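S.K.: Below is the structure I would like to discuss, written out as structure tokens.
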Amino acid sequence: MKLLVTFSRKGGREPVIARTVKETGVLINVERANIDSMAGEVLVDVPDTDADLVCRKMRETGASVRILEESVLRDVDECIDCGACISICPQDVFSFDGEWRLVLDGSRCVLCGKCIPACPHHALSLLS
Amino acid sequence: MEKSIDLINTRIRDGNARVVTAEEMPAIVDELGEQGALAEVDVVTTGTFGAMCSSGAFFNFGHSDPPIRMERVWLNDVEAYAGIAAVDAYLGATQQSETRGDRYGGAHVLEDLVAGNTIELRALSKGTDCYPRTTLKTEITLEDLNQAVMCNPRNSYQCYAAATNSSDRALSTYMGSLLPHHGNVSFSGAGVLSPLANDPGLRVIGSGTPIFLCGAEGMVIGEGTQSSPATGFGTLMVRGEMRGMSPEFLRAATFTGYGATLYVGLGVPIPVIDLGVVRSTAVRDEDITTSIVDYGVPARDRPVVRTATYAELRSGKIEIAGEDVRTSSLSSFRKAREVAAALADRVRTGKMGLALPIRRIDATRRVHPLRETQRTPRVRDIMQRAVPHIGKDEEIATAARTLLKGETNHLPVLDAEGKLVGIVTTYDISKAVVQPKSGKKVSDIMTRRVIRTMPDEAVDVAARKLEQHNISALPVVDGDGRLIGLLSAIDLGKLFGGRWRR
Ligand code: SF4
Ligand code: SF4
């Protein structure tokens, strides 16, 4: 599950991620980090079953945590409705409608990213 | 009954030709019968929109002052072939940018030009008496070029073999991503709408046939390269003016791990002149069969896993070895429909007339593989045959001694029947000494998933395995999995060091 963790660095330099890993024992995968002198925003991936625990711990250390629920994004101008992504996605997010147009069932997406390099037209991405 | 091309063109000019798409034709023939359909329908339009690597364009840039004889030419850092006259070049769709990697290539330059974007032109020359200039750099758009002629050596495959992958590694190919263990099937081609599938005998499509190419009016030049209509894989060589093309019907793309390619929208209007044309345009997805080949086998003659019709491929899943495997297409059926519809509209409104080929394409041609005068070396030619090995139940200490004595770093592990079941390296043994708890027997410390090769495998393929898995030796096994040799990076070094000569 992807979590977007944001924290301010005003009240000292609390090592949010490191502390959470240490105290929960959950291995956290940092996918993207954007940290400046005042604040930080980190996209992490944690096992679904540990998400609650991780969220709680992070909030205790003063960070705010948002569970990313949106699905993969498609750029409709780039997409040509080939369907190459359909058989790649493990979650059956993509399918064709009756007119052979690609449709997405975003609620099924787990943001695994597998479809992204499979699209020949670079129409898919995970974050806007 | 027959219908002359003149009659069809007269009806087109008068605006009362009956034009249908190849998707609509089968039902019309069912309803009216063949004779009825011949009387009723004048033109059947076809269309396809898919990756066509064998595409590109000729440009004439015009002369600069002082003039230059362009020997090397780059468009947005993508090199074009300039060995033709002074200011002409051919840009291939798959040529890669020298600065932007596989995210930008010839195909992207073509799309940028058609979209009206500015392109940087760079050229180099040694300078001659008549063309003194040696370097040139300028910005151009499509409008600035004297000619920009798309000229595609091989487009519009009649049908295309579908791809799957039996290996245990995901593959990145020009057929897209192929998941391991037959995880998916990737196919290409417009099936019922495919131009050549509607005229497999090449009776009405040939040199001079007017076509729709990327939104502009184009023409069939003749037989495409690698064309093999006798085996069901005909291709066309086509041309069209880039001015008049639209990004709607021409799109650059990148296959991850493979490179740039161009998605081309191409449609051929087929004049319904006789019953033969009625029959060939009545084809359905159900009637068009292609093979599904295993890209997990890196040889030219890849094994065919099964055959399938386009109806089966398009259904979304297909059975392979008792399991349902998901299929997906690389070409766009929706865009193929758009091409066929746009073309139908053009003919219906009298903007485009039809013609019979001025020269027919030989439908009996079949393609031959490359004549290779230099035999490609096989693993058997360079492998070591006397290979130290060890039984899986031996002590680790014995393995250590064998390694030392054999002056090798890799020890294949065999079971009682001589079959390869693992491999131990000096590193594994050192580890076992440091961590004695891991066990006493070779089988306790060996790597069980051994990357292996076969004596017939091409050395290039084996070398790629070493590289991909970052290992330095491959055990060679026979068809029964018995060890017969070892191929090491050192053997390869000798080969590429020049020992291999015929
Ligand atoms: S692979 Fe890309 S272009 Fe093709 S349908 Fe999916 S999102 Fe669209
Ligand atoms: S990110 Fe993963 S789950 Fe989401 S659509 Fe892509 S492949 Fe499917």
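Chain identifiers are assigned as A, B, and so on, following the order in which chains appear in the structure tokens; residues are numbered from 1 within each chain, and ligands are numbered from 1 in order of appearance.
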List the spatial neighbours of Cys119 of chain A as a compact mmCIF listing (two decimals) with all heavy atoms, in the first residue's frame - criterion: any atom at most 9 Å away, only C-alpha atoms, same-chain residues fewer than 2 positions off excluded.

M.R.:
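Written file, selection28.txt:
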# COMPACT_ATOMS: atom_id res chain seq x y z
N CYS A 79 -2.82 8.16 -25.23
CA CYS A 79 -3.33 6.79 -25.36
C CYS A 79 -3.97 6.59 -26.73
O CYS A 79 -4.74 7.42 -27.18
CB CYS A 79 -4.35 6.51 -24.27
SG CYS A 79 -5.13 4.90 -24.44
N CYS A 82 -4.56 0.89 -27.74
CA CYS A 82 -4.07 -0.37 -28.29
C CYS A 82 -4.46 -1.53 -27.39
O CYS A 82 -4.87 -2.59 -27.85
CB CYS A 82 -2.56 -0.33 -28.49
SG CYS A 82 -1.58 -0.07 -27.00
N GLY A 83 -4.34 -1.31 -26.09
CA GLY A 83 -4.67 -2.39 -25.16
C GLY A 83 -3.48 -3.19 -24.69
O GLY A 83 -3.64 -4.22 -24.04
N ALA A 84 -2.26 -2.72 -25.00
CA ALA A 84 -1.07 -3.45 -24.57
C ALA A 84 -1.02 -3.59 -23.05
O ALA A 84 -0.48 -4.55 -22.52
CB ALA A 84 0.19 -2.75 -25.07
N CYS A 85 -1.61 -2.63 -22.35
CA CYS A 85 -1.57 -2.65 -20.90
C CYS A 85 -2.48 -3.73 -20.30
O CYS A 85 -2.31 -4.15 -19.17
CB CYS A 85 -1.99 -1.28 -20.35
SG CYS A 85 -3.48 -0.62 -21.14
N CYS A 115 2.28 -1.60 -15.35
CA CYS A 115 1.76 -1.22 -16.65
C CYS A 115 2.56 -0.07 -17.28
O CYS A 115 2.50 0.14 -18.48
CB CYS A 115 0.29 -0.80 -16.51
SG CYS A 115 0.05 0.53 -15.32
N ILE A 116 3.29 0.66 -16.45
CA ILE A 116 3.85 1.92 -16.94
C ILE A 116 4.88 1.72 -18.05
O ILE A 116 4.75 2.31 -19.13
CB ILE A 116 4.36 2.75 -15.75
CG1 ILE A 116 3.11 3.23 -15.01
CG2 ILE A 116 5.21 3.93 -16.19
CD1 ILE A 116 3.32 3.76 -13.67
N PRO A 117 5.89 0.86 -17.84
CA PRO A 117 6.82 0.65 -18.97
C PRO A 117 6.21 -0.15 -20.11
O PRO A 117 6.78 -0.19 -21.20
CB PRO A 117 7.99 -0.12 -18.32
CG PRO A 117 7.42 -0.75 -17.10
CD PRO A 117 6.32 0.15 -16.63
N HIS A 121 3.16 4.16 -25.55
CA HIS A 121 2.93 5.58 -25.80
C HIS A 121 3.13 6.45 -24.56
O HIS A 121 2.73 7.61 -24.55
CB HIS A 121 1.54 5.77 -26.41
CG HIS A 121 1.45 5.14 -27.76
ND1 HIS A 121 1.69 5.82 -28.91
CD2 HIS A 121 1.23 3.86 -28.12
CE1 HIS A 121 1.60 5.00 -29.95
NE2 HIS A 121 1.33 3.80 -29.48
N HIS A 122 3.73 5.88 -23.53
CA HIS A 122 4.01 6.61 -22.30
C HIS A 122 2.77 7.35 -21.81
O HIS A 122 2.84 8.50 -21.38
CB HIS A 122 5.16 7.59 -22.48
CG HIS A 122 6.43 6.90 -22.85
ND1 HIS A 122 7.05 5.99 -22.03
CD2 HIS A 122 7.17 6.93 -23.98
CE1 HIS A 122 8.12 5.52 -22.63
NE2 HIS A 122 8.22 6.06 -23.81
N ALA A 123 1.64 6.69 -21.89
CA ALA A 123 0.40 7.34 -21.51
C ALA A 123 0.06 7.10 -20.04
O ALA A 123 -0.85 7.73 -19.51
CB ALA A 123 -0.75 6.81 -22.39
N LEU A 124 0.77 6.20 -19.39
CA LEU A 124 0.41 5.84 -18.02
C LEU A 124 1.46 6.37 -17.04
O LEU A 124 2.64 6.38 -17.32
CB LEU A 124 0.30 4.32 -17.88
CG LEU A 124 -0.75 3.66 -18.78
CD1 LEU A 124 -0.65 2.15 -18.72
CD2 LEU A 124 -2.15 4.12 -18.40
N GLY B 176 6.23 -5.94 -27.37
CA GLY B 176 5.82 -5.43 -26.07
C GLY B 176 6.37 -6.28 -24.94
O GLY B 176 7.26 -7.11 -25.12
N SER B 177 5.81 -6.08 -23.74
CA SER B 177 6.26 -6.82 -22.57
C SER B 177 5.65 -8.21 -22.59
O SER B 177 4.44 -8.35 -22.69
CB SER B 177 5.82 -6.12 -21.28
OG SER B 177 6.15 -4.76 -21.33
N ALA B 253 6.31 5.99 -30.71
CA ALA B 253 6.16 5.18 -29.50
C ALA B 253 7.51 4.60 -29.14
O ALA B 253 8.46 4.66 -29.92
CB ALA B 253 5.15 4.07 -29.73
N THR B 254 7.60 4.05 -27.94
CA THR B 254 8.82 3.38 -27.52
C THR B 254 8.45 2.04 -26.90
O THR B 254 7.60 2.00 -26.01
CB THR B 254 9.56 4.20 -26.44
OG1 THR B 254 9.77 5.51 -26.93
CG2 THR B 254 10.89 3.56 -26.11
N PHE B 255 9.07 0.99 -27.37
CA PHE B 255 8.93 -0.27 -26.66
C PHE B 255 10.08 -0.35 -25.67
O PHE B 255 11.24 -0.34 -26.06
CB PHE B 255 8.97 -1.46 -27.63
CG PHE B 255 7.73 -1.56 -28.45
CD1 PHE B 255 7.79 -1.72 -29.81
CD2 PHE B 255 6.48 -1.49 -27.85
CE1 PHE B 255 6.63 -1.80 -30.57
CE2 PHE B 255 5.32 -1.57 -28.60
CZ PHE B 255 5.40 -1.73 -29.97
N THR B 256 9.73 -0.40 -24.41
CA THR B 256 10.74 -0.42 -23.36
C THR B 256 11.73 -1.56 -23.62
O THR B 256 11.33 -2.69 -23.88
CB THR B 256 10.06 -0.62 -21.99
OG1 THR B 256 9.12 0.43 -21.84
CG2 THR B 256 11.06 -0.58 -20.87

S.K.: When DSSP works through the backbone of this structure, what residues of chain A end up as strand (DSSP E or B), shown as a ChimeraX atom specification?

M.R.: /A:2-8,29-35,39-45,64-67,73-74,94-96,102-104,124-125

S.K.: What's the 9 Å shell around segment 38-51 of chain A, counting only C-alpha atoms, without same-chain residues fewer than 2 positions away, as an NGL selection string?

M.R.: :A and (1-10 or 24 or 26-36 or 53-56 or 67)

S.K.: Taking only C-alpha atoms into account, what are the residues of chain B at most 9 Å from chain A, put as a PyMOL selection string?

M.R.: chain B and resi 49-50+172+176-179+183-187+251-256+260-261+316-317+325-335

S.K.: Write out as a CSV table (one decimal) with N, CA, C and O atoms, in the first residue's frame the set of residues from chain A that DSSP, computed on the backbone, places in alpha helix (DSSP H).

M.R.:
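Output below, filename out.csv:
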chain,number,residue,atom,x,y,z
A,16,VAL,N,11.5,10.4,11.0
A,16,VAL,CA,10.2,9.7,11.0
A,16,VAL,C,10.3,8.3,10.5
A,16,VAL,O,9.8,7.4,11.1
A,17,ILE,N,10.9,8.2,9.3
A,17,ILE,CA,10.9,6.9,8.7
A,17,ILE,C,11.7,5.9,9.5
A,17,ILE,O,11.3,4.8,9.8
A,18,ALA,N,12.9,6.3,9.8
A,18,ALA,CA,13.8,5.4,10.5
A,18,ALA,C,13.2,5.0,11.8
A,18,ALA,O,13.3,3.8,12.2
A,19,ARG,N,12.6,5.9,12.5
A,19,ARG,CA,12.0,5.6,13.8
A,19,ARG,C,10.9,4.6,13.6
A,19,ARG,O,10.8,3.6,14.4
A,20,THR,N,10.1,4.8,12.6
A,20,THR,CA,8.9,3.9,12.4
A,20,THR,C,9.4,2.5,12.1
A,20,THR,O,8.9,1.5,12.6
A,21,VAL,N,10.5,2.4,11.3
A,21,VAL,CA,11.0,1.1,10.9
A,21,VAL,C,11.5,0.4,12.2
A,21,VAL,O,11.3,-0.7,12.5
A,22,LYS,N,12.3,1.2,13.0
A,22,LYS,CA,12.9,0.6,14.2
A,22,LYS,C,11.8,0.1,15.2
A,22,LYS,O,11.9,-1.0,15.7
A,23,GLU,N,10.8,0.9,15.4
A,23,GLU,CA,9.8,0.6,16.4
A,23,GLU,C,8.8,-0.4,16.0
A,23,GLU,O,8.2,-1.1,16.8
A,24,THR,N,8.5,-0.4,14.7
A,24,THR,CA,7.5,-1.4,14.2
A,24,THR,C,8.1,-2.7,13.7
A,24,THR,O,7.5,-3.7,13.6
A,51,ALA,N,0.0,-1.7,7.2
A,51,ALA,CA,-0.3,-0.3,7.0
A,51,ALA,C,-0.8,0.5,8.2
A,51,ALA,O,-0.4,1.6,8.5
A,52,ASP,N,-1.8,-0.2,8.9
A,52,ASP,CA,-2.4,0.5,10.0
A,52,ASP,C,-1.4,0.9,11.1
A,52,ASP,O,-1.3,2.0,11.5
A,53,LEU,N,-0.5,-0.1,11.4
A,53,LEU,CA,0.5,0.0,12.4
A,53,LEU,C,1.4,1.2,12.0
A,53,LEU,O,1.7,2.1,12.8
A,54,VAL,N,1.9,1.1,10.7
A,54,VAL,CA,2.8,2.2,10.3
A,54,VAL,C,2.2,3.5,10.3
A,54,VAL,O,2.8,4.5,10.8
A,55,CYS,N,0.9,3.6,9.9
A,55,CYS,CA,0.2,4.9,9.9
A,55,CYS,C,0.2,5.5,11.3
A,55,CYS,O,0.5,6.7,11.6
A,56,ARG,N,-0.2,4.6,12.3
A,56,ARG,CA,-0.3,5.0,13.6
A,56,ARG,C,1.0,5.6,14.2
A,56,ARG,O,1.1,6.6,14.7
A,57,LYS,N,2.1,4.8,14.0
A,57,LYS,CA,3.4,5.2,14.4
A,57,LYS,C,3.9,6.5,13.8
A,57,LYS,O,4.4,7.4,14.5
A,58,MET,N,3.6,6.7,12.6
A,58,MET,CA,4.1,7.9,11.9
A,58,MET,C,3.3,9.1,12.4
A,58,MET,O,3.9,10.2,12.7
A,59,ARG,N,2.0,8.9,12.6
A,59,ARG,CA,1.2,10.0,13.2
A,59,ARG,C,1.7,10.4,14.6
A,59,ARG,O,1.7,11.5,14.9
A,60,GLU,N,2.1,9.3,15.4
A,60,GLU,CA,2.6,9.6,16.7
A,60,GLU,C,3.8,10.5,16.7
A,60,GLU,O,4.0,11.3,17.5
A,115,CYS,N,2.3,-1.6,-15.4
A,115,CYS,CA,1.8,-1.2,-16.7
A,115,CYS,C,2.6,-0.1,-17.3
A,115,CYS,O,2.5,0.1,-18.5
A,116,ILE,N,3.3,0.7,-16.4
A,116,ILE,CA,3.9,1.9,-16.9
A,116,ILE,C,4.9,1.7,-18.1
A,116,ILE,O,4.7,2.3,-19.1
A,117,PRO,N,5.9,0.9,-17.8
A,117,PRO,CA,6.8,0.6,-19.0
A,117,PRO,C,6.2,-0.2,-20.1
A,117,PRO,O,6.8,-0.2,-21.2
A,118,ALA,N,5.1,-0.8,-19.9
A,118,ALA,CA,4.5,-1.6,-20.9
A,118,ALA,C,3.7,-0.8,-21.9
A,118,ALA,O,3.4,-1.3,-23.0

S.K.: So, with only C-alpha atoms and all ligand atoms as the atoms that count, which of A:Val103, A:Asp97, A:Cys89, A:Arg74 lies closest to ligand 2?

M.R.: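 Using only C-alpha atoms and all ligand atoms, the shortest distance to ligand 2 belongs to A:Cys89.
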
S.K.: To one decimal place, how far is atom CA of Ala399 of chain B from atom CA of Arg448 of chain B in Å?

M.R.: 15.8 Å

S.K.: Residues at most 8 Å from Arg18 of chain B, counting only C-alpha atoms, excluding those fewer than 6 positions away in the same chain, as a PyMOL selection string?

M.R.: chain B and resi 40-43+348

S.K.: Using C-alpha atoms, can you export the residues from the last selection as a short mmCIF file (atom, residue, chain, number, x, y, z; two decimals), in the first residue's frame?

M.R.:
data_model
loop_
_atom_site.label_atom_id
_atom_site.label_comp_id
_atom_site.auth_asym_id
_atom_site.auth_seq_id
_atom_site.Cartn_x
_atom_site.Cartn_y
_atom_site.Cartn_z
CA GLU B 40 -24.50 -3.20 -54.31
CA VAL B 41 -21.02 -2.36 -52.99
CA ASP B 42 -18.46 -0.37 -55.00
CA VAL B 43 -15.63 0.10 -52.53
CA ARG B 348 -17.69 8.67 -50.62
#

S.K.: Could you jot down the atom CA of Arg359 of chain B to atom CA of Ile221 of chain B separation for me, Å, one decimal place?

M.R.: 9.5 Å

S.K.: Using only C-alpha atoms, which residues sit within 9 Å of Leu262 of chain B once same-chain residues fewer than 6 positions away are excluded, as a count of residues only?

M.R.: 19

S.K.: Excluding segment 214-217 of chain B and its own-chain neighbours fewer than 4 positions away, which residues fall within 7 Å of it when counting only C-alpha atoms? Please give them as JSON, numbers by chain.

M.R.: {"B": [240, 241, 244, 245, 246, 249, 250, 264, 265, 266]}

S.K.: Between atom CA of Thr164 of chain B and atom CA of Arg380 of chain B, what distance in Å does the model show, to one decimal?

M.R.: 27.9 Å

S.K.: Considering only C-alpha atoms, return as a ChimeraX atom specification whatever protein or nucleic-acid residues lie within 9 Å of Asp444 of chain B, sequence-local ones (same chain, fewer than 4 positions apart) excluded.

M.R.: /B:392-393,396,438-440

S.K.: Keeping only N, CA, C and O atoms, write the selected residues as a tab-separated table (two decimals), in the first residue's frame.

M.R.:
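Resulting contents of result.tsv:
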chain	number	residue	atom	x	y	z
B	392	LYS	N	25.94	-34.37	-5.20
B	392	LYS	CA	25.27	-33.46	-4.27
B	392	LYS	C	25.41	-33.91	-2.81
B	392	LYS	O	25.24	-33.11	-1.90
B	393	ASP	N	25.72	-35.20	-2.60
B	393	ASP	CA	25.81	-35.67	-1.22
B	393	ASP	C	27.23	-35.65	-0.68
B	393	ASP	O	27.49	-36.09	0.44
B	396	ILE	N	31.40	-30.80	1.91
B	396	ILE	CA	31.83	-29.50	1.40
B	396	ILE	C	33.36	-29.48	1.22
B	396	ILE	O	33.89	-28.93	0.25
B	438	SER	N	25.53	-23.65	8.25
B	438	SER	CA	24.68	-23.83	7.07
B	438	SER	C	24.65	-25.28	6.58
B	438	SER	O	23.80	-25.64	5.77
B	439	GLY	N	25.54	-26.15	7.05
B	439	GLY	CA	25.45	-27.57	6.70
B	439	GLY	C	26.81	-28.13	6.32
B	439	GLY	O	27.81	-27.43	6.27
B	440	LYS	N	26.82	-29.43	6.08
B	440	LYS	CA	28.08	-30.12	5.80
B	440	LYS	C	28.15	-30.59	4.36
B	440	LYS	O	29.21	-30.79	3.79
